[in-house]
>>> print(open('protein39.txt').read())   # compact mmCIF, C-alpha atoms
# COMPACT_ATOMS: atom_id res chain seq x y z
CA MET H 79 -145.93 23.46 6.81
CA TRP H 80 -146.14 25.84 3.93
CA ARG H 81 -142.74 25.11 2.30
CA ARG H 82 -144.37 24.65 -1.10
CA VAL H 83 -145.32 28.30 -1.23
CA ALA H 84 -142.76 30.40 -3.07
CA SER H 85 -141.22 33.23 -1.04
CA LEU H 86 -141.72 36.45 -2.97
CA SER H 87 -139.98 39.78 -2.57
CA SER H 88 -142.13 42.50 -1.07
CA SER H 89 -140.88 44.98 -3.65
CA ILE H 90 -143.11 45.55 -6.67
CA SER H 91 -141.49 45.74 -10.07
CA SER H 92 -142.44 48.34 -12.62
CA SER H 93 -143.65 45.62 -14.95
CA PHE H 94 -146.00 44.31 -12.26
CA LEU H 95 -147.38 47.80 -11.73
CA ALA H 96 -147.91 48.08 -15.47
CA GLN H 97 -149.82 44.80 -15.46
CA THR H 98 -151.89 46.05 -12.53
CA ALA H 99 -152.76 49.26 -14.37
CA SER H 100 -153.81 47.19 -17.37
CA ARG H 101 -156.03 44.95 -15.25
CA LEU H 102 -157.65 47.98 -13.64
CA ASN H 103 -158.87 49.05 -17.07
CA THR H 104 -160.62 45.75 -17.82
CA TRP H 105 -163.64 46.15 -15.60
CA GLU H 106 -166.29 48.87 -15.66
CA SER H 107 -167.89 50.29 -12.55
CA LEU H 108 -170.17 48.12 -10.44
CA THR H 109 -172.74 50.93 -10.49
CA THR H 110 -174.51 52.07 -13.66
CA GLY H 111 -176.25 55.40 -13.14
CA ILE H 112 -179.70 54.13 -14.10
CA ALA H 113 -181.38 57.51 -13.77
CA GLN H 114 -179.03 59.13 -16.26
CA GLN H 115 -179.38 56.26 -18.72
CA ALA H 116 -183.17 56.63 -18.61
CA LYS H 117 -182.73 60.20 -19.85
CA GLY H 118 -180.46 59.08 -22.67
CA VAL H 119 -177.35 60.30 -20.91
CA ILE H 120 -174.38 57.94 -20.69
CA ALA H 121 -173.20 57.84 -17.09
CA PRO H 122 -169.46 58.36 -16.57
CA LYS H 123 -167.46 55.35 -15.39
CA GLU H 124 -166.62 55.19 -11.71
CA LYS H 125 -163.20 54.05 -10.55
CA THR H 126 -162.56 50.42 -11.34
CA PRO H 127 -162.32 48.13 -8.29
CA PHE H 128 -158.98 47.26 -6.74
CA ILE H 129 -159.36 43.82 -5.16
CA THR H 130 -157.21 42.15 -2.53
CA PHE H 131 -157.76 38.57 -1.40
CA VAL H 132 -156.60 37.78 2.15
CA LEU H 133 -155.85 34.11 2.79
CA GLY H 134 -154.74 32.17 5.84
CA GLY H 135 -155.93 29.40 8.11
CA PRO H 136 -158.30 30.00 11.06
CA GLY H 137 -156.39 31.95 13.69
CA SER H 138 -153.68 33.16 11.30
CA GLY H 139 -154.44 36.76 12.33
CA LYS H 140 -155.67 37.88 8.91
CA GLY H 141 -158.81 39.50 10.36
CA THR H 142 -156.80 41.70 12.73
CA GLN H 143 -154.49 42.77 9.91
CA CYS H 144 -157.47 43.54 7.70
CA ILE H 145 -158.64 46.06 10.29
CA LYS H 146 -155.24 47.77 10.22
CA ILE H 147 -155.21 47.81 6.38
CA VAL H 148 -158.68 49.37 6.33
CA GLU H 149 -157.68 52.04 8.84
CA THR H 150 -154.43 52.85 7.04
CA PHE H 151 -155.34 52.55 3.37
CA GLY H 152 -159.12 53.02 3.22
CA PHE H 153 -160.26 49.64 1.93
CA ALA H 154 -163.76 48.22 2.35
CA HIS H 155 -163.39 45.02 4.39
CA LEU H 156 -165.54 42.10 3.24
CA SER H 157 -165.16 39.02 5.46
CA ALA H 158 -166.48 35.89 3.77
CA GLY H 159 -166.96 34.26 7.19
CA ASP H 160 -168.89 37.23 8.58
CA LEU H 161 -171.12 37.37 5.49
CA LEU H 162 -171.93 33.67 5.86
CA ARG H 163 -172.65 34.02 9.59
CA ARG H 164 -174.88 37.01 8.87
CA GLU H 165 -176.76 34.94 6.31
CA ILE H 166 -177.31 32.25 8.95
CA ALA H 167 -178.69 34.83 11.37
CA SER H 168 -181.04 36.23 8.72
CA LYS H 169 -182.93 32.91 8.56
CA SER H 170 -182.73 32.99 4.75
CA ALA H 171 -183.27 29.95 2.55
CA ASP H 172 -179.51 29.36 2.43
CA GLY H 173 -178.95 29.94 6.15
CA ALA H 174 -179.64 26.40 7.40
CA MET H 175 -177.48 24.87 4.67
CA ILE H 176 -174.61 27.25 5.48
CA LEU H 177 -174.87 26.48 9.21
CA ASN H 178 -174.74 22.71 8.69
CA THR H 179 -171.83 23.05 6.25
CA ILE H 180 -169.79 25.17 8.67
CA LYS H 181 -170.50 22.83 11.60
CA GLU H 182 -169.10 19.96 9.55
CA GLY H 183 -165.94 21.95 8.86
CA LYS H 184 -166.72 21.97 5.14
CA ILE H 185 -166.67 24.80 2.62
CA VAL H 186 -169.89 26.54 1.62
CA PRO H 187 -170.78 26.22 -2.11
CA SER H 188 -168.87 28.77 -4.14
CA GLN H 189 -171.83 30.45 -5.81
CA VAL H 190 -173.47 31.15 -2.45
CA THR H 191 -170.41 32.92 -1.06
CA VAL H 192 -169.61 34.78 -4.29
CA LYS H 193 -173.17 36.12 -4.53
CA LEU H 194 -172.95 37.47 -0.97
CA ILE H 195 -169.62 39.15 -1.76
CA GLN H 196 -170.97 40.55 -5.03
CA LYS H 197 -173.98 42.08 -3.26
CA GLU H 198 -171.74 43.86 -0.74
CA MET H 199 -169.48 45.19 -3.50
CA GLU H 200 -172.46 46.55 -5.41
CA LEU H 201 -173.78 48.32 -2.30
CA SER H 202 -170.41 49.90 -1.43
CA ASP H 203 -169.30 53.39 -2.46
CA ASN H 204 -165.69 52.28 -2.13
CA HIS H 205 -163.61 50.99 -5.07
CA LYS H 206 -160.98 49.23 -2.93
CA PHE H 207 -162.04 45.87 -1.53
CA LEU H 208 -160.28 43.66 1.01
CA ILE H 209 -161.89 40.22 0.73
CA ASP H 210 -160.98 38.23 3.82
CA GLY H 211 -161.01 34.41 3.87
CA PHE H 212 -161.79 33.91 0.20
CA PRO H 213 -161.19 32.09 -2.12
CA ARG H 214 -160.43 28.95 -0.13
CA THR H 215 -160.57 26.53 -3.06
CA GLU H 216 -159.89 26.49 -6.78
CA GLU H 217 -163.65 26.24 -7.30
CA ASN H 218 -164.08 29.42 -5.21
CA ARG H 219 -161.46 31.17 -7.32
CA VAL H 220 -162.97 30.16 -10.66
CA SER H 221 -166.51 31.05 -9.53
CA PHE H 222 -165.40 34.50 -8.40
CA GLU H 223 -163.67 35.23 -11.71
CA GLN H 224 -166.66 33.97 -13.71
CA ILE H 225 -169.37 35.77 -11.70
CA ILE H 226 -167.55 39.01 -10.85
CA GLY H 227 -165.51 39.04 -14.05
CA VAL H 228 -162.08 39.99 -12.69
CA GLU H 229 -159.03 38.60 -10.91
CA PRO H 230 -157.60 40.11 -7.72
CA ASN H 231 -154.84 42.69 -7.93
CA VAL H 232 -153.09 41.48 -4.77
CA VAL H 233 -153.27 38.25 -2.75
CA LEU H 234 -151.98 38.19 0.84
CA PHE H 235 -151.21 34.87 2.50
CA PHE H 236 -150.71 34.86 6.27
CA ASP H 237 -148.40 31.94 7.00
CA CYS H 238 -148.74 30.74 10.59
CA PRO H 239 -147.82 27.48 12.41
CA GLU H 240 -150.79 25.21 13.06
CA GLU H 241 -150.32 25.09 16.84
CA GLU H 242 -150.35 28.89 17.00
CA MET H 243 -153.55 29.11 14.95
CA VAL H 244 -155.33 26.59 17.21
CA LYS H 245 -154.25 28.51 20.33
CA ARG H 246 -155.43 31.83 18.92
CA VAL H 247 -158.85 30.53 17.89
CA LEU H 248 -159.53 28.85 21.23
CA ASN H 249 -158.53 32.02 23.09
CA ARG H 250 -160.54 34.59 21.13
CA ASN H 251 -163.92 33.78 22.81
CA GLU H 252 -166.08 35.47 20.19
CA GLY H 253 -168.92 32.95 20.35
CA ARG H 254 -168.51 31.73 16.77
CA VAL H 255 -170.19 28.44 15.93
CA ASP H 256 -166.94 27.13 14.42
CA ASP H 257 -164.60 28.17 17.27
CA ASN H 258 -164.20 24.81 18.99
CA LEU H 259 -161.32 22.34 18.91
CA GLU H 260 -163.05 19.69 16.80
CA THR H 261 -164.20 22.12 14.13
CA ILE H 262 -160.87 23.99 14.10
CA LYS H 263 -159.00 20.77 13.31
CA LYS H 264 -161.45 20.00 10.50
CA ARG H 265 -161.06 23.51 9.13
CA LEU H 266 -157.27 23.28 9.22
CA THR H 267 -157.35 19.96 7.38
CA VAL H 268 -159.64 21.41 4.72
CA PHE H 269 -157.51 24.54 4.42
CA GLN H 270 -154.31 22.60 3.91
CA ALA H 271 -155.88 20.26 1.36
CA LEU H 272 -157.82 22.80 -0.69
CA SER H 273 -156.22 26.21 -0.25
CA LEU H 274 -152.64 25.41 -1.23
CA PRO H 275 -153.56 25.09 -4.94
CA VAL H 276 -155.08 28.59 -4.77
CA ILE H 277 -152.00 29.97 -3.02
CA ASN H 278 -149.66 28.35 -5.53
CA TYR H 279 -151.78 29.56 -8.45
CA TYR H 280 -151.47 33.20 -7.40
CA SER H 281 -147.80 32.74 -6.57
CA GLU H 282 -147.18 31.63 -10.15
CA LYS H 283 -149.14 34.65 -11.41
CA GLY H 284 -146.91 37.02 -9.42
CA LYS H 285 -149.76 38.28 -7.23
CA LEU H 286 -149.01 36.49 -3.96
CA TYR H 287 -147.34 38.13 -0.95
CA THR H 288 -146.50 35.78 1.92
CA ILE H 289 -146.66 37.33 5.39
CA LYS H 290 -144.97 35.58 8.31
CA ALA H 291 -147.81 35.81 10.82
CA ILE H 292 -145.80 35.50 14.04
CA GLY H 293 -145.08 38.44 16.33
CA THR H 294 -147.06 41.42 17.52
CA GLU H 295 -149.82 42.99 15.41
CA ASP H 296 -147.55 45.94 14.60
CA GLU H 297 -144.61 43.72 13.67
CA ILE H 298 -146.77 41.73 11.27
CA PHE H 299 -148.27 44.89 9.80
CA GLU H 300 -144.80 46.20 8.96
CA GLN H 301 -144.61 43.37 6.42
CA VAL H 302 -148.00 44.35 5.00
CA ARG H 303 -147.61 48.13 4.83
CA PRO H 304 -145.08 48.35 1.95
CA ILE H 305 -147.27 46.24 -0.32
CA PHE H 306 -150.17 48.69 -0.28
CA ALA H 307 -148.00 51.79 0.02
CA ALA H 308 -146.52 50.91 -3.39
CA PHE H 309 -150.00 50.86 -4.95
CA GLU H 310 -151.34 54.09 -3.40
CA GLN H 311 -150.52 56.35 -6.36
CA THR H 312 -152.00 53.82 -8.79
CA VAL H 313 -155.36 53.20 -7.12
CA GLY H 314 -155.89 56.31 -5.01
>>> encode(input="protein39.txt", output="C-alpha cells")
Amino acid sequence: MWRRVASLSSSISSSFLAQTASRLNTWESLTTGIAQQAKGVIAPKEKTPFITFVLGGPGSGKGTQCIKIVETFGFAHLSAGDLLRREIASKSADGAMILNTIKEGKIVPSQVTVKLIQKEMELSDNHKFLIDGFPRTEENRVSFEQIIGVEPNVVLFFDCPEEEMVKRVLNRNEGRVDDNLETIKKRLTVFQALSLPVINYYSEKGKLYTIKAIGTEDEIFEQVRPIFAAFEQTVG
C-alpha cells in the first residue's frame, strides 16, 4: 500500500547531523523574557526547538509509540487529534466547525490546527516536541512552516496495512467521535490521497524514517529507539 515511500536506512550520516545542527540554529526561543526586556536587559536565548512529526493512518499505533518516545527521550507530546477534540469540548467558536469536519472524515483547516499546536508549544517549558498526526496534507505542512517558521528535524511514518488499522481502531473503545467504521474508511481514504505527498516530500529531504508498524509495542519501538538515540548528544 505504501510502496511509493522510499525505504531509508535508520542510520544517520554525519552530514545529516550537520544539517540538523544548522537547522537548530535558525530559530530563536519561543519565549522572550518580557520582564527582562522591559528593564533594558536582553534575555538569553533558550534552547531552540527540536521538532518531530509523527505520521500514520488511524490505528497505525503512532500514539502508543509516542508515549514510549516521551518516556524514553523526554519529548513533549502534542497530539493534533487530541488538541482538536479538546477544542470541541471547550465550546469555542471553532469547536462546532471542527466537530462537523471530523464527522465528515475531512481535514480541519490548516491554520486552525497550527494555531492550536503553536499555543501548546509556547506554553511548554520543553524544547523537544513530538507532534502526532500532523501534517496530514501539503497545505498543513506549508502552513506550519509559514506560521511557526521552521521545518521538522525528524519525520516518523508508521507504515501499517489498512485491515490492521481498521481492526485496531474498532477495538480501542476510547469513545472518540471518529472511531466508527464509516468514519475510519473515510479517514483512510483521505490519508492515502493527501498524506502521501507529505511523506514523499520529507523522504526526498532526507528527514523521513519509515517504521514497519506490525508486531508488539516493544518490537516496533526497537525500530524507533536508534533514531532518537543518535540525536541525544545534539539536542540534549
>>> closest_residue(input="protein39.txt", among="H:Gly137, H:Phe128, H:Glu198, H:Pro275", to="Leu248 in chain H", atoms="all atoms listed in the file")
H:Gly137
>>> residues_around(input="protein39.txt", residues="range 237-244 of chain H", least_positions_apart="3", cutoff="8 Å", atoms="only C-alpha atoms", output="PyMOL selection string")
chain H and resi 79-80+134-138+247-248+259+262-263+266+288-292
>>> atom_distance(input="protein39.txt", atom1="CA of Val190 in chain H", atom2="CA of Ser221 in chain H")
9.9 Å
>>> atom_distance(input="protein39.txt", atom1="CA of Leu156 in chain H", atom2="CA of Ile195 in chain H")
7.1 Å
>>> residues_around(input="protein39.txt", residues="range 226-230 of chain H", least_positions_apart="4", cutoff="6 Å", atoms="all atoms listed in the file", output="list in words")
Ile129, Thr130 and Phe222 of chain H
>>> atom_distance(input="protein39.txt", atom1="CA of Pro304 in chain H", atom2="CA of Arg214 in chain H")
24.8 Å
>>> axis_aligned_box(input="protein39.txt", around="range 269-285 of chain H", padding_each_side="5 Å", output="JSON")
{"center_x": -152.4, "center_y": 29.3, "center_z": -3.5, "size_x": 20.9, "size_y": 28.0, "size_z": 25.8}
>>> closest_residue(input="protein39.txt", among="H:Asn249, H:Ile277, H:Pro213, H:Val192", to="Ile225 in chain H", atoms="all atoms listed in the file")
H:Val192
>>> residues_near_point(input="protein39.txt", point="(-151.9, 45.2, 11.8)", cutoff="12 Å", atoms="all atoms listed in the file", output="PyMOL selection string")
chain H and resi 139-151+236+289+291-303
>>> residues_around(input="protein39.txt", residues="range 162-173 of chain H", least_positions_apart="2", cutoff="8 Å", atoms="all atoms listed in the file", output="list in words")
Ala158, Gly159, Asp160, Met175, Ile176, Leu177, Val190, Thr191 and Leu194 of chain H
>>> closest_residue(input="protein39.txt", among="H:Asn231, H:Val313, H:Glu182, H:Phe207", to="Lys264 in chain H", atoms="only C-alpha atoms")
H:Glu182
>>> residues_near_point(input="protein39.txt", point="(-159.4, 36.0, 0.1)", cutoff="7 Å", atoms="all atoms listed in the file", output="mmCIF file with C-alpha atoms, in the frame of the given file")
data_model
loop_
_atom_site.group_PDB
_atom_site.id
_atom_site.type_symbol
_atom_site.label_atom_id
_atom_site.label_comp_id
_atom_site.auth_asym_id
_atom_site.auth_seq_id
_atom_site.Cartn_x
_atom_site.Cartn_y
_atom_site.Cartn_z
ATOM 1 C CA PHE H 131 -157.760 38.570 -1.400
ATOM 2 C CA VAL H 132 -156.600 37.780 2.150
ATOM 3 C CA LEU H 133 -155.850 34.110 2.790
ATOM 4 C CA ILE H 209 -161.890 40.220 0.730
ATOM 5 C CA ASP H 210 -160.980 38.230 3.820
ATOM 6 C CA GLY H 211 -161.010 34.410 3.870
ATOM 7 C CA PHE H 212 -161.790 33.910 0.200
ATOM 8 C CA PRO H 213 -161.190 32.090 -2.120
#
>>> closest_residue(input="protein39.txt", among="H:Phe235, H:Tyr287, H:Phe309, H:Tyr279", to="Arg219 in chain H", atoms="all atoms listed in the file")
H:Tyr279
>>> closest_residue(input="protein39.txt", among="H:Thr312, H:Asn178, H:Thr215, H:Asn258", to="Ala271 in chain H", atoms="all atoms listed in the file")
H:Thr215
>>> closest_residue(input="protein39.txt", among="H:Asn218, H:Ser202, H:Ser157, H:Thr267", to="Pro187 in chain H", atoms="all atoms listed in the file")
H:Asn218
